[in-house]
Amino acid sequence: MALHLPTLHETPAGRTLVFDSATHVEAYVAAHPCQGDVVVNASYSGVLCARMVMSARPRAVIGLDCAIGKDGAGIAGLWYYEALGVPAAATDTMTAEMGNGPDLYDNGVISRVNDAAQRLGIAPGMRVRDVAEAFKTGALKPATFDPARRLVIETNPQGRSIVCTDSIAFALPEDRERNVLCTAGHTGRSVVDYFRQFRPWAFICSDGGIGKNQSGISALQDVEADGIAGASVDALTARMGDGQSTYFDGVISAANSVARAKGVRVGQTAREAAALLLK
């Protein structure tokens, strides 16, 4: 197979190697040993491609999301990289041509990031060329990083807020009887103690796919006697482990009687339900 040379972008902070394909990386590395570069490639961000790209021992990686795909295969490599401590991001396939590295670098827009990239301040919506540079300079890295990724969406005149955080276990004392928490674990029996301990004004979690004997939503009924309004979103509509996805992407699949009394209904967006629960 012919050796395909990458397009090189070099600044005082380091190099970015831009490949048309992840399949070109291993042959290039065999001829030009390297490490510590940012690798951009116009292949899907799956595990197979990640194995190939890791031959370059990269500082960070950017690929394509290829529309995410079945079982999330188009971006599964992001977590492969994360396990190896490598920041990585995937690019919206509607913003860059597959197999065209320079187009991805010049025109691509990030759609997904792994935790290691998020810790550097990288987020969906950023341009690939800016992210590649930020990976080298660390210019976007926040002074502190909140592992709970706590985000206050809005606060009403009564001082209650809609708050996103990735797990009900990350609730704070200030949430008690005050805030609507949008979190991203299942709503099974193991979380009932958290709801009773933190006692939020209301909550929206994931249904975890509902599961055997509806175990993924059993906590909804369990906390009705405590007067806590609760709802779950369909796990196929929002990413588990990502409270912000619960709020921004989720669609309600179940609600307890306390939440239904506030107007929450199956089929609503989580945004609509959270607004009703805030009242």
# chains A, B, ... in the order shown; residues from 1 in each chain; ligands from 1
call {"tool": "residues_around", "arguments": {"residues": "A:Val113", "least_positions_apart": "3", "cutoff": "9 Å", "atoms": "only C-alpha atoms", "output": "PDB file with C-alpha atoms, in the first residue's frame"}}
result
ATOM      1  CA  LEU A  78     -13.864   8.095  22.139  1.00  0.00           C
ATOM      2  CA  PRO A  87      -8.525  13.474  24.827  1.00  0.00           C
ATOM      3  CA  ALA A  88     -10.661  12.846  21.748  1.00  0.00           C
ATOM      4  CA  ALA A  89     -13.540  14.387  19.839  1.00  0.00           C
ATOM      5  CA  ALA A  90     -15.794  13.410  16.951  1.00  0.00           C
ATOM      6  CA  ILE A 110     -17.393  18.965  16.861  1.00  0.00           C
ATOM      7  CA  ALA A 116     -10.583  13.822  28.851  1.00  0.00           C
ATOM      8  CA  ALA A 117     -11.378  16.385  26.139  1.00  0.00           C
ATOM      9  CA  GLN A 118     -14.119  17.989  28.212  1.00  0.00           C
ATOM     10  CA  ILE A 122     -13.583  21.170  24.543  1.00  0.00           C
ATOM     11  CA  ALA A 123     -17.311  21.096  23.789  1.00  0.00           C
ATOM     12  CA  PRO A 124     -19.709  20.279  20.940  1.00  0.00           C
TER      13      PRO A 124
END
call {"tool": "select_by_dssp", "arguments": {"residues": "stretch 111-243 of chain A", "states": "helix (DSSP H, G or I)", "output": "ChimeraX atom specification"}}
result
/A:115-118,128-137,168-170,173-175,189-198,212-222,224-226,243
call {"tool": "residues_around", "arguments": {"residues": "A:Arg189", "least_positions_apart": "3", "cutoff": "7 Å", "atoms": "only C-alpha atoms", "output": "ChimeraX atom specification"}}
result
/A:192,218-219
call {"tool": "residues_around", "arguments": {"residues": "A:Gln214", "least_positions_apart": "5", "cutoff": "12 Å", "atoms": "only C-alpha atoms", "output": "compact mmCIF listing (two decimals) with C-alpha atoms, in the first residue's frame"}}
result
# COMPACT_ATOMS: atom_id res chain seq x y z
CA HIS A 186 -31.63 4.77 36.23
CA THR A 187 -34.67 5.20 38.49
CA GLY A 188 -34.42 1.80 40.17
CA ARG A 189 -34.66 0.89 43.83
CA ASP A 207 -35.58 4.86 32.78
CA GLY A 208 -32.54 2.70 32.01
CA GLY A 209 -34.56 0.95 29.33
CA ALA A 219 -38.23 4.34 42.44
CA LEU A 220 -40.87 6.65 40.96
CA GLN A 221 -43.60 4.88 42.89
CA SER A 232 -37.94 9.32 33.88
CA SER A 253 -41.41 7.83 29.46
CA ALA A 254 -42.85 7.60 32.99
call {"tool": "residues_around", "arguments": {"residues": "A:Leu104", "least_positions_apart": "6", "cutoff": "9 Å", "atoms": "only C-alpha atoms", "output": "MDAnalysis selection string"}}
result
chainID A and resid 18 20 40:42 63:64 91 93 95:98 128:129
call {"tool": "atom_distance", "arguments": {"atom1": "atom CA of A:Pro200", "atom2": "atom CA of A:Thr183"}}
result
11.5 Å
call {"tool": "residues_around", "arguments": {"residues": "A:Ala202", "least_positions_apart": "5", "cutoff": "10 Å", "atoms": "only C-alpha atoms", "output": "JSON list (two decimals) with all heavy atoms, in the first residue's frame"}}
result
[["chain", "number", "residue", "atom", "x", "y", "z"],
["A", 162, "ILE", "N", -33.68, 24.70, 38.05],
["A", 162, "ILE", "CA", -33.50, 23.45, 37.32],
["A", 162, "ILE", "C", -32.00, 23.23, 37.22],
["A", 162, "ILE", "O", -31.27, 24.09, 36.71],
["A", 162, "ILE", "CB", -34.13, 23.51, 35.93],
["A", 162, "ILE", "CG1", -35.64, 23.72, 36.02],
["A", 162, "ILE", "CG2", -33.82, 22.24, 35.14],
["A", 162, "ILE", "CD1", -36.31, 24.00, 34.69],
["A", 175, "ASP", "N", -29.88, 21.51, 47.35],
["A", 175, "ASP", "CA", -30.96, 21.04, 46.49],
["A", 175, "ASP", "C", -32.20, 20.63, 47.29],
["A", 175, "ASP", "O", -33.30, 20.52, 46.72],
["A", 175, "ASP", "CB", -30.50, 19.83, 45.66],
["A", 175, "ASP", "CG", -29.37, 20.17, 44.70],
["A", 175, "ASP", "OD1", -29.44, 21.25, 44.08],
["A", 175, "ASP", "OD2", -28.43, 19.37, 44.57],
["A", 176, "ARG", "N", -32.04, 20.43, 48.57],
["A", 176, "ARG", "CA", -33.13, 19.90, 49.40],
["A", 176, "ARG", "C", -34.34, 20.84, 49.39],
["A", 176, "ARG", "O", -34.22, 22.02, 49.68],
["A", 176, "ARG", "CB", -32.63, 19.69, 50.83],
["A", 176, "ARG", "CG", -33.65, 19.01, 51.73],
["A", 176, "ARG", "CD", -33.07, 18.73, 53.11],
["A", 176, "ARG", "NE", -34.05, 18.05, 53.96],
["A", 176, "ARG", "CZ", -34.26, 16.74, 53.97],
["A", 176, "ARG", "NH1", -33.53, 15.97, 53.18],
["A", 176, "ARG", "NH2", -35.16, 16.20, 54.75],
["A", 177, "GLU", "N", -35.48, 20.28, 49.01],
["A", 177, "GLU", "CA", -36.76, 21.00, 48.98],
["A", 177, "GLU", "C", -36.70, 22.26, 48.11],
["A", 177, "GLU", "O", -37.51, 23.17, 48.28],
["A", 177, "GLU", "CB", -37.19, 21.39, 50.41],
["A", 177, "GLU", "CG", -37.37, 20.23, 51.36],
["A", 177, "GLU", "CD", -38.65, 19.46, 51.10],
["A", 177, "GLU", "OE1", -39.37, 19.81, 50.16],
["A", 177, "GLU", "OE2", -38.91, 18.51, 51.85],
["A", 178, "ARG", "N", -35.74, 22.29, 47.18],
["A", 178, "ARG", "CA", -35.54, 23.54, 46.43],
["A", 178, "ARG", "C", -35.41, 23.34, 44.93],
["A", 178, "ARG", "O", -36.06, 24.05, 44.16],
["A", 178, "ARG", "CB", -34.29, 24.24, 46.97],
["A", 178, "ARG", "CG", -33.93, 25.54, 46.23],
["A", 178, "ARG", "CD", -32.83, 26.28, 46.96],
["A", 178, "ARG", "NE", -32.39, 27.45, 46.21],
["A", 178, "ARG", "CZ", -31.30, 27.49, 45.46],
["A", 178, "ARG", "NH1", -30.53, 26.43, 45.35],
["A", 178, "ARG", "NH2", -30.98, 28.59, 44.80],
["A", 179, "ASN", "N", -34.61, 22.39, 44.49],
["A", 179, "ASN", "CA", -34.25, 22.32, 43.08],
["A", 179, "ASN", "C", -34.84, 21.11, 42.36],
["A", 179, "ASN", "O", -35.05, 20.05, 42.95],
["A", 179, "ASN", "CB", -32.73, 22.31, 42.91],
["A", 179, "ASN", "CG", -32.10, 23.62, 43.31],
["A", 179, "ASN", "OD1", -32.75, 24.67, 43.26],
["A", 179, "ASN", "ND2", -30.85, 23.58, 43.74],
["A", 180, "VAL", "N", -35.09, 21.30, 41.07],
["A", 180, "VAL", "CA", -35.46, 20.20, 40.18],
["A", 180, "VAL", "C", -34.16, 19.65, 39.60],
["A", 180, "VAL", "O", -33.44, 20.37, 38.90],
["A", 180, "VAL", "CB", -36.39, 20.69, 39.05],
["A", 180, "VAL", "CG1", -36.69, 19.54, 38.08],
["A", 180, "VAL", "CG2", -37.67, 21.27, 39.62],
["A", 181, "LEU", "N", -33.86, 18.40, 39.90],
["A", 181, "LEU", "CA", -32.61, 17.80, 39.45],
["A", 181, "LEU", "C", -32.84, 16.94, 38.22],
["A", 181, "LEU", "O", -33.67, 16.03, 38.23],
["A", 181, "LEU", "CB", -32.01, 16.94, 40.56],
["A", 181, "LEU", "CG", -31.59, 17.67, 41.84],
["A", 181, "LEU", "CD1", -30.95, 16.68, 42.81],
["A", 181, "LEU", "CD2", -30.62, 18.80, 41.53],
["A", 182, "CYS", "N", -32.10, 17.23, 37.15],
["A", 182, "CYS", "CA", -32.10, 16.41, 35.94],
["A", 182, "CYS", "C", -30.80, 15.61, 35.96],
["A", 182, "CYS", "O", -29.72, 16.16, 35.76],
["A", 182, "CYS", "CB", -32.18, 17.28, 34.69],
["A", 182, "CYS", "SG", -33.73, 18.17, 34.54],
["A", 195, "PHE", "N", -32.78, 9.81, 46.98],
["A", 195, "PHE", "CA", -33.90, 10.74, 46.90],
["A", 195, "PHE", "C", -34.38, 11.14, 48.30],
["A", 195, "PHE", "O", -34.68, 12.31, 48.55],
["A", 195, "PHE", "CB", -35.07, 10.13, 46.12],
["A", 195, "PHE", "CG", -34.78, 9.93, 44.65],
["A", 195, "PHE", "CD1", -35.07, 8.72, 44.03],
["A", 195, "PHE", "CD2", -34.22, 10.94, 43.90],
["A", 195, "PHE", "CE1", -34.81, 8.54, 42.68],
["A", 195, "PHE", "CE2", -33.97, 10.77, 42.54],
["A", 195, "PHE", "CZ", -34.26, 9.56, 41.94],
["A", 227, "GLY", "N", -43.84, 12.28, 48.92],
["A", 227, "GLY", "CA", -44.29, 13.52, 48.30],
["A", 227, "GLY", "C", -43.31, 14.11, 47.32],
["A", 227, "GLY", "O", -43.38, 15.30, 47.00],
["A", 228, "ILE", "N", -42.39, 13.30, 46.80],
["A", 228, "ILE", "CA", -41.37, 13.79, 45.86],
["A", 228, "ILE", "C", -41.82, 13.54, 44.44],
["A", 228, "ILE", "O", -42.12, 12.39, 44.06],
["A", 228, "ILE", "CB", -40.02, 13.11, 46.12],
["A", 228, "ILE", "CG1", -39.56, 13.34, 47.55],
["A", 228, "ILE", "CG2", -38.97, 13.64, 45.13],
["A", 228, "ILE", "CD1", -38.31, 12.56, 47.92],
["A", 229, "ALA", "N", -41.91, 14.59, 43.65],
["A", 229, "ALA", "CA", -42.30, 14.46, 42.24],
["A", 229, "ALA", "C", -41.13, 13.92, 41.44],
["A", 229, "ALA", "O", -40.00, 14.42, 41.55],
["A", 229, "ALA", "CB", -42.72, 15.82, 41.69],
["A", 230, "GLY", "N", -41.39, 12.89, 40.63],
["A", 230, "GLY", "CA", -40.32, 12.29, 39.84],
["A", 230, "GLY", "C", -40.78, 11.80, 38.50],
["A", 230, "GLY", "O", -41.94, 11.41, 38.32],
["A", 231, "ALA", "N", -39.88, 11.83, 37.53],
["A", 231, "ALA", "CA", -40.17, 11.34, 36.18],
["A", 231, "ALA", "C", -38.89, 10.73, 35.61],
["A", 231, "ALA", "O", -37.79, 10.96, 36.12],
["A", 231, "ALA", "CB", -40.66, 12.47, 35.29],
["A", 258, "VAL", "N", -47.25, 12.28, 41.81],
["A", 258, "VAL", "CA", -46.94, 13.65, 42.27],
["A", 258, "VAL", "C", -46.54, 14.51, 41.08],
["A", 258, "VAL", "O", -46.96, 15.68, 40.97],
["A", 258, "VAL", "CB", -45.83, 13.63, 43.34],
["A", 258, "VAL", "CG1", -45.63, 15.03, 43.93],
["A", 258, "VAL", "CG2", -46.13, 12.63, 44.44],
["A", 259, "ALA", "N", -45.74, 13.97, 40.18],
["A", 259, "ALA", "CA", -45.34, 14.71, 38.98],
["A", 259, "ALA", "C", -46.51, 14.89, 38.03],
["A", 259, "ALA", "O", -46.69, 15.97, 37.43],
["A", 259, "ALA", "CB", -44.19, 13.99, 38.28],
["A", 274, "ALA", "N", -39.54, 19.65, 33.16],
["A", 274, "ALA", "CA", -38.78, 20.35, 34.19],
["A", 274, "ALA", "C", -39.39, 21.71, 34.50],
["A", 274, "ALA", "O", -39.45, 22.14, 35.67],
["A", 274, "ALA", "CB", -37.34, 20.51, 33.75],
["A", 277, "LEU", "N", -42.36, 21.13, 36.70],
["A", 277, "LEU", "CA", -41.96, 20.73, 38.03],
["A", 277, "LEU", "C", -41.38, 21.89, 38.83],
["A", 277, "LEU", "O", -41.43, 21.89, 40.06],
["A", 277, "LEU", "CB", -40.95, 19.59, 37.96],
["A", 277, "LEU", "CG", -41.49, 18.27, 37.41],
["A", 277, "LEU", "CD1", -40.35, 17.30, 37.15],
["A", 277, "LEU", "CD2", -42.52, 17.66, 38.36],
["A", 278, "LEU", "N", -40.83, 22.86, 38.13],
["A", 278, "LEU", "CA", -40.23, 24.02, 38.81],
["A", 278, "LEU", "C", -41.28, 24.91, 39.46],
["A", 278, "LEU", "O", -41.00, 25.59, 40.45],
["A", 278, "LEU", "CB", -39.41, 24.83, 37.81],
["A", 278, "LEU", "CG", -38.56, 25.97, 38.38],
["A", 278, "LEU", "CD1", -37.47, 25.44, 39.29],
["A", 278, "LEU", "CD2", -37.93, 26.78, 37.23]]
call {"tool": "closest_residue", "arguments": {"among": "A:Cys34, A:Cys66, A:Ala273, A:Val25", "to": "A:Arg51", "atoms": "only C-alpha atoms"}}
result
A:Val25
call {"tool": "closest_residue", "arguments": {"among": "A:Ala132, A:Leu48, A:Val109, A:Pro142", "to": "A:Val61", "atoms": "only C-alpha atoms"}}
result
A:Ala132
call {"tool": "atom_distance", "arguments": {"atom1": "atom CA of A:Gln35", "atom2": "atom CA of A:Val86"}}
result
12.2 Å
call {"tool": "select_by_dssp", "arguments": {"residues": "stretch 96-276 of chain A", "states": "strand (DSSP E)", "output": "PyMOL selection string"}}
result
chain A and resi 110-113+151-155+161-164+180-182+202-206+229-233+252-255
call {"tool": "atom_distance", "arguments": {"atom1": "atom CA of A:Gly46", "atom2": "atom CA of A:Glu82"}}
result
12.6 Å
call {"tool": "decode", "arguments": {"residues": "stretch 16-32 of chain A", "atoms": "N, CA, C and O atoms", "output": "CSV table (one decimal), in the first residue's frame"}}
result
chain,number,residue,atom,x,y,z
A,16,THR,N,0.0,19.2,14.3
A,16,THR,CA,-1.3,18.5,14.0
A,16,THR,C,-1.1,17.8,12.7
A,16,THR,O,-0.7,18.4,11.7
A,17,LEU,N,-1.3,16.5,12.7
A,17,LEU,CA,-1.2,15.6,11.5
A,17,LEU,C,-2.6,15.3,11.0
A,17,LEU,O,-3.4,14.8,11.8
A,18,VAL,N,-2.9,15.7,9.8
A,18,VAL,CA,-4.3,15.6,9.2
A,18,VAL,C,-4.2,14.5,8.2
A,18,VAL,O,-3.6,14.6,7.1
A,19,PHE,N,-4.9,13.4,8.4
A,19,PHE,CA,-5.0,12.2,7.5
A,19,PHE,C,-6.4,12.1,6.9
A,19,PHE,O,-7.4,12.5,7.5
A,20,ASP,N,-6.4,11.6,5.7
A,20,ASP,CA,-7.7,11.3,5.0
A,20,ASP,C,-8.3,10.1,5.7
A,20,ASP,O,-9.6,9.9,5.7
A,21,SER,N,-7.5,9.2,6.3
A,21,SER,CA,-8.1,7.9,6.8
A,21,SER,C,-7.2,7.5,8.0
A,21,SER,O,-6.0,7.6,8.0
A,22,ALA,N,-7.9,6.9,9.0
A,22,ALA,CA,-7.1,6.3,10.1
A,22,ALA,C,-6.2,5.1,9.6
A,22,ALA,O,-5.2,4.8,10.2
A,23,THR,N,-6.6,4.5,8.4
A,23,THR,CA,-5.8,3.4,7.9
A,23,THR,C,-4.5,3.8,7.4
A,23,THR,O,-3.6,3.0,7.1
A,24,HIS,N,-4.3,5.1,7.2
A,24,HIS,CA,-3.0,5.7,6.7
A,24,HIS,C,-2.0,5.9,7.9
A,24,HIS,O,-0.8,6.1,7.6
A,25,VAL,N,-2.5,5.9,9.1
A,25,VAL,CA,-1.6,6.3,10.2
A,25,VAL,C,-0.5,5.3,10.5
A,25,VAL,O,0.7,5.7,10.7
A,26,GLU,N,-0.8,4.0,10.6
A,26,GLU,CA,0.2,3.0,10.9
A,26,GLU,C,1.4,3.0,10.0
A,26,GLU,O,2.5,2.9,10.4
A,27,ALA,N,1.1,3.1,8.7
A,27,ALA,CA,2.2,3.1,7.7
A,27,ALA,C,3.0,4.3,7.8
A,27,ALA,O,4.3,4.3,7.7
A,28,TYR,N,2.4,5.4,8.1
A,28,TYR,CA,3.1,6.7,8.2
A,28,TYR,C,4.0,6.6,9.4
A,28,TYR,O,5.2,7.0,9.4
A,29,VAL,N,3.5,6.1,10.5
A,29,VAL,CA,4.3,6.0,11.8
A,29,VAL,C,5.5,5.1,11.6
A,29,VAL,O,6.6,5.3,12.1
A,30,ALA,N,5.3,4.0,10.8
A,30,ALA,CA,6.4,3.1,10.6
A,30,ALA,C,7.5,3.7,9.8
A,30,ALA,O,8.7,3.4,10.1
A,31,ALA,N,7.2,4.7,9.0
A,31,ALA,CA,8.2,5.4,8.2
A,31,ALA,C,8.7,6.7,8.9
A,31,ALA,O,9.8,7.1,8.7
A,32,HIS,N,7.8,7.2,9.7
A,32,HIS,CA,8.1,8.5,10.4
A,32,HIS,C,7.7,8.4,11.9
A,32,HIS,O,6.7,8.9,12.3
